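One structure is given here, and the rest of the page talks about it.
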Amino acid sequence: MVVVMGIDPGFANTGFGVVRVSGGSMRAVDAGVVEAEPELAPEARLATIHRSLAELMSWHEPEAVALEDLYFGRNVRSAIGVGQARGVAMLAAAERGVRCFDYTPQAVKVAVCGSGAAEKRQVQRMVGSLLGLSEAPRSEHAADALAVAVCHAATLRPREARRQAVAIGASRAERPVQRGGLPA
């Protein structure tokens, strides 16, 4: 079993989603939004995001944190805030020894919907479907965070399968395994 926390960083709203991967299935464990009040000073907003994500990581104990990569649109000011929120999220993970993985918005959409041009509503519906939720997540931020966790989980499956096959093969053959999982 592997627990992955997905994070959709934002200066005002940071989405989080926790997915448990076991065998061939994925299940949503938790999802929501960390809201940083707009009247707070920038450093206080970042402290709120950090503190909340750190608490969630302590509670869920993820093995990996998957973050949506920074997308530079037309609003540079907004991109700077998102970058700062990504930084405090990565700091919270680093303080717990949890490795971070970055995925572009297009890679996440391809992993979840099959198309890098998918609309937000389509991502929400597919996240609900893939994770067996009774309905799609209401918050776009939470849905995006679950989507990035699903994207990372999808990359784990082949690696986990190879790791298990190598372990089974090595124990059966009782011989060492070299890089790449090929018998010596």
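The way I read the labels, and the way they are meant: chains A, B, ... in the order of the structure tokens, residue 1 as the first residue of every chain, and ligand 1 as the first ligand shown, with later ones counted on from there.
Shell of Arg99 of chain A at 12 Å, with only C-alpha atoms counted and residues fewer than 4 places along the chain excluded, is Val4, Met5, Gly6, Met57, Glu61, Pro62, Glu63, Ala64, Val65, Ala66, Leu67, Ala89, Met90, Leu91, Ala92, Ala93, Ala94, Glu95 and His152 of chain A.
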Taking only segment 14-160 of chain A into account, list the residues labelled strand (DSSP E or B) by DSSP (computed from the backbone), as a PyMOL selection string. chain A and resi 14-22+25-35+64-68+99-103
To test your reading of the structure, identify every residue in segment 16-128 of chain A that backbone DSSP assigns to alpha helix (DSSP H), and report it as a PyMOL selection string. chain A and resi 42-60+76-95+105-113+120-128
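Going from atom CA of Ser115 of chain A over to atom CA of Ser129 of chain A, you cover 15.9 Å.
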Can you tell me which residues surround Gln84 of chain A at a distance of at most 9 Å, considering only C-alpha atoms, apart from same-chain residues fewer than 4 positions away, and format the answer as JSON, numbers by chain? {"A": [9, 10, 11, 46, 79, 80, 88, 89]}
Just write the chosen residues, C-alpha atoms, as a PDB file, in the first residue's frame.
ATOM      1  CA  PRO A   9      -0.787  24.976  -4.871  1.00  0.00           C
ATOM      2  CA  GLY A  10      -2.355  28.403  -4.676  1.00  0.00           C
ATOM      3  CA  PHE A  11      -1.714  31.554  -2.679  1.00  0.00           C
ATOM      4  CA  LEU A  46       2.202  31.157   3.559  1.00  0.00           C
ATOM      5  CA  ALA A  79       2.403  32.807 -10.720  1.00  0.00           C
ATOM      6  CA  ILE A  80       4.752  34.178  -8.053  1.00  0.00           C
ATOM      7  CA  VAL A  88       5.995  25.945   1.506  1.00  0.00           C
ATOM      8  CA  ALA A  89       4.285  22.706   0.433  1.00  0.00           C
TER       9      ALA A  89
END
Residues of segment 31-53 of chain A that have any atom at most 9 Å from an atom of segment 139-143 of chain A: could you tabulate them with the shortest-distance atom pair and the distance in Å to one decimal, using only C-alpha atoms, ordered by chain and increasing number, as JSON lines?
{"residue": "A:Ala31", "atom": "CA", "partner": "A:Ala142", "partner_atom": "CA", "distance": 5.7}
{"residue": "A:Gly32", "atom": "CA", "partner": "A:Ala142", "partner_atom": "CA", "distance": 5.0}
{"residue": "A:Val33", "atom": "CA", "partner": "A:Ala142", "partner_atom": "CA", "distance": 6.0}
Between atom CA of Gly15 of chain A and atom CA of Leu146 of chain A, measure the distance and give it in Å to one decimal.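 Going from atom CA of Gly15 of chain A over to atom CA of Leu146 of chain A, I get 8.4 Å.
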Just the residues within 10 Å of Pro42 of chain A, please, counting only C-alpha atoms, with nothing from its chain fewer than 5 positions along; format it as a VMD selection string. chain A and resid 11 to 12 36 to 37 47 to 48 81 84
Keeping only N, CA and C atoms, write the selected residues to a file as a PDB file, in the first residue's frame.
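So the final result, stored in again-v7.pdb, reads:
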ATOM      1  N   PHE A  11      -1.992  30.588  -3.739  1.00  0.00           N
ATOM      2  CA  PHE A  11      -1.714  31.554  -2.679  1.00  0.00           C
ATOM      3  C   PHE A  11      -2.950  31.804  -1.823  1.00  0.00           C
ATOM      4  N   ALA A  12      -4.138  31.741  -2.441  1.00  0.00           N
ATOM      5  CA  ALA A  12      -5.388  31.931  -1.700  1.00  0.00           C
ATOM      6  C   ALA A  12      -6.007  30.589  -1.321  1.00  0.00           C
ATOM      7  N   ALA A  36      -6.263  30.500   2.664  1.00  0.00           N
ATOM      8  CA  ALA A  36      -5.462  31.538   3.320  1.00  0.00           C
ATOM      9  C   ALA A  36      -6.223  32.851   3.170  1.00  0.00           C
ATOM     10  N   GLU A  37      -6.624  33.405   4.283  1.00  0.00           N
ATOM     11  CA  GLU A  37      -7.458  34.615   4.272  1.00  0.00           C
ATOM     12  C   GLU A  37      -6.761  35.766   3.543  1.00  0.00           C
ATOM     13  N   ALA A  47       2.415  30.921   5.969  1.00  0.00           N
ATOM     14  CA  ALA A  47       2.515  30.157   7.221  1.00  0.00           C
ATOM     15  C   ALA A  47       1.268  29.304   7.424  1.00  0.00           C
ATOM     16  N   THR A  48       0.106  29.839   7.085  1.00  0.00           N
ATOM     17  CA  THR A  48      -1.148  29.078   7.195  1.00  0.00           C
ATOM     18  C   THR A  48      -1.115  27.854   6.288  1.00  0.00           C
ATOM     19  N   GLY A  81       2.861  33.984  -6.514  1.00  0.00           N
ATOM     20  CA  GLY A  81       2.161  33.482  -5.336  1.00  0.00           C
ATOM     21  C   GLY A  81       2.026  31.974  -5.346  1.00  0.00           C
ATOM     22  N   GLN A  84       5.316  30.489  -4.479  1.00  0.00           N
ATOM     23  CA  GLN A  84       5.574  30.558  -3.035  1.00  0.00           C
ATOM     24  C   GLN A  84       4.791  29.474  -2.300  1.00  0.00           C
TER      25      GLN A  84
END
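Taking atom CA of Val18 of chain A and atom CA of Asp30 of chain A as endpoints, the distance between them is 5.1 Å.
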Residue with smallest distance to Asn13 of chain A - pool A:Val148, A:Val76, A:Ile49, A:Val108, counting only C-alpha atoms: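 For Asn13 of chain A, the nearest of the given residues is A:Ile49.
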Leaving out Ala154 of chain A and any residue of its chain fewer than 3 positions from it, which residues lie within 12 Å of it when counting only C-alpha atoms, given as an MDAnalysis selection string? chainID A and resid 2 4 19:26 66 103 107:108 110:112 130 147:151 157:161
For each of A:Asp8, A:Val34, A:Ala54, A:Asp144, take the minimum atom-to-atom distance to Arg86 of chain A, counting only C-alpha atoms, then give the residue where this is smallest.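 Selected residue with least distance to Arg86 of chain A: A:Asp8.
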